[in-house]
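Let me begin by presenting the structure, written as structure tokens, before commenting on it.
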Amino acid sequence: MKRLLKIGLALGLAVAMADVAVDVQRGSPAGVKPTDKGELKTEDTYLLKNDGKTVLRINNTGESATEVTVVTPNEAAGGLAIADRVVEVPAEEERIIGPFDPGVYNNADKQIAVKFSAVTGVTLAAVKIA
């Protein structure tokens with residue numbers, strides 16, 4: 001499969017985007033060590049269950065900033081689109097983003113959708129706060 005992907009890229013063929021499920025860890029008063037999801041891809045969308053208590057930890061050890069976009073699939077009153085939440089994570093820094101209002105950020109499957117502008121050195125972890 002990887003070989004076919006490389007051939008497709010070399011020929012200038014479109015690369016399919018994928019929806020990737022990310023586990024959300026349960027927080028604890030005693031603390032939790034977040035499990036990072038690495039090997040992120042800019043063309044993928046990362047889906048996480050959200051009940052309004054989910055926070056994201058984005059760790060960027062790369063040499064350039066990344067923009068983290070949390071998609072807002074819903075509309076405001078009058079059918080107006082709600083702007084996506086975009087947070088820049090500078091090079092060699094990390095950010096905690098969230099929590100996310102389910103009425104604004106959740107899709108029909110009670111998930112938030114997260115995308116990245118750059119992924120070199122970037123990891124994602126999700127924790128449900130207690």
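Following the order of the structure tokens, chains are lettered A, B, ..., residues in each are numbered from 1, and ligands are numbered from 1.
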message: I want to know what sits within 8 Å of region 35-40 of chain A, based on only C-alpha atoms, with residues of the same chain fewer than 3 positions away left out; could you give that as a VMD selection string?
response: chain A and resid 22 25 44 119 122 to 126
Using C-alpha atoms, can you export the residues from the last selection as a short mmCIF file (atom, residue, chain, number, x, y, z; two decimals), in the first residue's frame?
data_model
loop_
_atom_site.label_atom_id
_atom_site.label_comp_id
_atom_site.auth_asym_id
_atom_site.auth_seq_id
_atom_site.Cartn_x
_atom_site.Cartn_y
_atom_site.Cartn_z
CA VAL A 22 -8.22 8.95 18.19
CA GLN A 25 -8.08 9.07 27.73
CA ASP A 44 -6.15 13.33 7.41
CA VAL A 119 2.84 17.63 11.13
CA VAL A 122 3.77 17.14 15.96
CA THR A 123 1.86 14.77 18.24
CA LEU A 124 -1.72 14.79 19.49
CA ALA A 125 -3.13 13.49 22.77
CA ALA A 126 -6.71 13.80 24.00
#
message: Run DSSP on the backbone and tell me which residues of chain A come out as helix (DSSP H, G or I); list them as a list in words.
response: Lys2, Arg3, Leu4, Leu5, Lys6, Ile7, Gly8, Leu9, Ala10, Ala77, Gly78, Gly79, Pro102, Gly103, Val104 and Tyr105 of chain A
With the cut-off set at 12 Å and counting only C-alpha atoms, tabulate each residue of region 35-54 of chain A with an atom at most that distance from an atom of region 78-98 of chain A, showing the nearest atom pair and its distance in Å to one decimal, ordered by chain and increasing number, as a tab-separated table.
residue	atom	partner	partner_atom	distance
A:Asn50	CA	A:Gly98	CA	10.3
A:Asp51	CA	A:Gly98	CA	11.5
A:Gly52	CA	A:Gly98	CA	8.6
A:Lys53	CA	A:Gly98	CA	7.9
A:Thr54	CA	A:Gly98	CA	6.5
Could you write those residues out with N, CA and C atoms, as a short mmCIF file (atom, residue, chain, number, x, y, z; two decimals), in the first residue's frame?
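Okay, selection.cif is ready:
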data_model
loop_
_atom_site.label_atom_id
_atom_site.label_comp_id
_atom_site.auth_asym_id
_atom_site.auth_seq_id
_atom_site.Cartn_x
_atom_site.Cartn_y
_atom_site.Cartn_z
N ASN A 50 -16.48 13.59 22.05
CA ASN A 50 -16.50 14.82 22.84
C ASN A 50 -17.84 14.98 23.55
N ASP A 51 -17.77 15.12 24.88
CA ASP A 51 -18.97 15.41 25.66
C ASP A 51 -18.87 16.79 26.32
N GLY A 52 -17.93 17.60 25.80
CA GLY A 52 -17.74 18.93 26.36
C GLY A 52 -16.63 18.97 27.40
N LYS A 53 -16.00 17.83 27.65
CA LYS A 53 -14.92 17.77 28.63
C LYS A 53 -13.61 17.30 28.02
N THR A 54 -13.53 17.27 26.70
CA THR A 54 -12.32 16.81 26.02
C THR A 54 -11.38 17.98 25.79
#
- request: Work out how far CA of Ala65 (chain A) is from CA of Ala21 (chain A), in Å to one decimal.
  value: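 Distance between the two atoms: 23.7 Å.
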message: Can you pull out every residue from chain A that DSSP, working from the backbone, puts in strand (DSSP E), and format the result as JSON, numbers by chain?
response: {"A": [19, 20, 21, 25, 26, 45, 46, 47, 48, 49, 54, 55, 56, 57, 58, 59, 60, 66, 67, 68, 69, 70, 85, 86, 87, 88, 89, 93, 94, 95, 96, 97, 111, 112, 113, 114, 115, 116, 122, 123, 124, 125, 126, 127, 128]}
Point-to-point distance in Å for CA of Thr120 (chain A) and CA of Gly62 (chain A):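 Going from CA of Gly62 (chain A) over to CA of Thr120 (chain A), I get 5.6 Å.
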